[in-house]
Each structure stands twice: as C-alpha cells, then as structure tokens.
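For reference, the structure discussed in these notes is given below.
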Amino acid sequence: MSGLLDFDDVVVTFAASAGMMSRLRGRTTSFNAVDHVSLSVARGEILGIVGESGSGKTTICKAALGLHSVAGGAVTLDGKPARLSDGTLQMVFQDPLSSLNPRQTIAEAIAIPLRLHGHAGRGNMAEAIDGLLKDVGLGAQFRNRFPHELSGGQLQRAAIARALATNPRVLFADEAVSKLDVSVRAQILNLLKRLRDSHDLTIVFVTHDLHVARFLCDRIAIMYFGKLLEFGPTRAVYADPKHPYTQELLGTLDHERKSVASTRDVFNPLTDDRRACRYLNRCPHAMAACAERHPDFRGTGPGHATACYLYEEAET
C-alpha cells in the first residue's frame with residue numbers, strides 16, 4: 001500500500017452485549033466489527049465508505065482516529081502509525097448539535113483546538129477564528145452565538161470550522177449530511193469539495209446513501225458486516241457494479257433473484273460461520289465455495305476490485 005492513509009488488514013473486535021451473551025449459551029461472545037480490511041486512501045481524494053448500519057464503516061474510521069482499539073493490522077499515515085493527538089486526523093459527526101458544547105459560543109469552540117495545537121495565540125485568535133468561519137461560509141456575526149441559535153446547516157459548518165482549526169491532513173465525515181434538508185445537504189457537499197482543494201484535504205466520507213457518494217466521492221468502498229466487498233472509481237462502480245450487494249444497493253440486482261434472497265436471514269456475526277462470505281444468506285448467486293471461504297478480491301477493471309467468486313476468471 002502506498003496511499004496517504006492506509007488500512008492494512010485492520011481488525012476491530014467488539015464484545016457481545018450481556019443480553020446477546022445470555023442467548024448464546026456458551027458460543028462465541030465477540031465478533032469482528034471490522035474484519036481484515038485493507039484499503040488505501042490517496043492524498044487529495046474523497047473516498048466514500050458506503051454500507052448499511054452495522055457494516056463497520058464508522059468503526060473503521062474511529063479505529064483510524066484511535067477511538068476504537070485495533071485488534072489486528074495497522075492504520076498508517078504516510079507510513080507511520082496514525083495519531084489523533086497531533087490534529088492531523090479530524091472527524092465531523094452526524095449530529096453537530098451533540099458534538100458542540102451547548103455552553104460555549106462558536107468562537108470558544110473553535111478557539112480551543114487553535115490554542116491547544118499552537119495555531120493561534122491571544123494576539124491573533126480573533127483573526128484566526130473569523131478566517132475559519134469565512135472558510136466554511138459563516139460570517140463573523142456567528143462567533144458569539146451558541147449552538148442552539150444556529151440552524152442544522154450552520155451547525156455543521158461550525159463543526160467543520162472547528163475540525164479545520166487543527167490544520168488536519170485527513171478529514172473523516174461520518175454521515176455529515178444525513179440530518180440536513182436536501183437543499184442544505186447539497187451546500188455542505190459542495191463546501192467539502194471546495195475545502196478539499198483550498199485546505200489540501202483528504203476526505204473519508206461515510207454514508208449509507210449511494211446518491212450522495214456519487215455526487216461527492218472520487219472512489220467508493222462498499223462494506224457489509226465488517227467486510228470490504230467492492231471498491232473502485234465512483235463512475236465505474238455506478239456504471240457497472242460487480243458485487244451482488246452493490247447491485248442490490250443500486251437497485252440493479254435482478255428482481256426475481258432479489259425476491260428469493262430477501263426471504264433469507266442476514267448474516268449473524270455471533271452465530272454464522274465467519275469463514276463464509278458475509279453476503280451468503282442474501283446472495284441469489286451463492287455457490288458452494290461461498291460457504292467455505294470468504295472470497296479474496298478479484299480485479300474487475302482499472303482500479304476496480306470485487307470480493308466475489310463470480311469474477312474468479314476475470315482476476316487481473
């Protein structure tokens with residue numbers, strides 16, 4: 001791997017809840033929320049990590065930030081272990097209201113990382129705050145407002161300004177527009193595109209919405225129950241989705257086959273065979289090999305790869 005940010009065979013393990021354990025009767029009590037995922041993020045790109053709830057897309061980002069322990073593999077930035085403490089990695093969350101201190105003004109929220117990371121002092125703090133507010137499309141009139149006085153879109157802009165205060169190299173955006181109105185959503189997505197260029201950012205954008213990912217992202221990575229199933233250039237994935245799960249998400253999976261698969265249970269990480277393909281139960285193309293071992297990636301086009309036995313002959 002040779003990207004700016006590399007996930008090398010990353011594993012993140014979670015313990016089952018007490019309620020789940022009581023029903024397992026001695027069976028496994030933990031599962032891999034991220035299961036041996038390798039992915040490289042190039043400098044300056046916007047990578048979309050897409051999947052349903054529970055796919056591991058947020059978990060792998062939090063592992064990069066050190067918010068979840070990595071049980072196996074490594075996350076590196078420029079070949080060195082990624083660290084949250086130096087401010088080079090930052091995250092913007094789904095709900096900006098809950099991520100901002102309700103007792104602090106917007107200026108106070110932005111001032112803290114500026115001061116802690118030495119990017120502004122008493123003499124130039126006001127100027128630095130106003131500059132960041134301007135960068136995200138907010139005027140200086142917002143500096144003394146409290147979070148409850150801002151709209152959803154304004155709150156997300158303020159949260160982005162605070163994240164930019166540490167001068168990060170990589171910005172993780174976790175469902176950052178999912179709670180916004182459609183018109184405001186487009187504004188924030190366009191803002192992220194502009195900031196990518198103006199602040200020399202690399203962005204990892206987590207979403208369940210493939211339409212949003214299509215608008216924003218250069219490449220897309222599809223996750224399902226901790227496994228990476230497909231990745232490639234956004235146009236290629238949309239024009240010719242390879243994995244049946246990607247086809248399901250995009251609505252291109254054969255309807256007759258999909259109706260049969262939809263009657264089956266989804267993968268259960270605590271009881272199902274972890275060696276098997278995660279999508280086995282729902283896949284209308286399932287074959288014997290899928291139950292024996294989760295497939296490795298097969299090249300299916302320039303920069304496009306899929307973990308599926310359907311494409312074994314197309315391996316490049």
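Quick note on naming: the chains in the structure tokens go A, B, ... in the order shown, residues restart at 1 in each chain, and ligands are numbered from 1 in order of appearance.
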Requested in this report: Show which residues sit within 6 Å of A:Thr105, as a list in words. Count only C-alpha atoms, and ignore same-chain residues fewer than 3 positions away.
Outcome: Glu108, Asn144, Arg145 and Phe146 of chain A
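Considering the residues A:Leu164, A:Leu201, A:Ala286, A:Ala33 and counting only C-alpha atoms, A:Ser53 has its shortest atom-to-atom contact with A:Ala33.
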Query - Atomic separation - atom CA of A:Gly232 relative to atom CA of A:Pro302, Å - result: 8.0 Å
Query raised in the report: Taking the backbone alone, and naming residues the way the document does, which bits of stretch 44-231 of chain A are strand (DSSP E or B) by DSSP, as a PyMOL selection string?
Result: chain A and resi 46-50+72-77+80-81+89-92+170-174+202-207+219-224+227-231
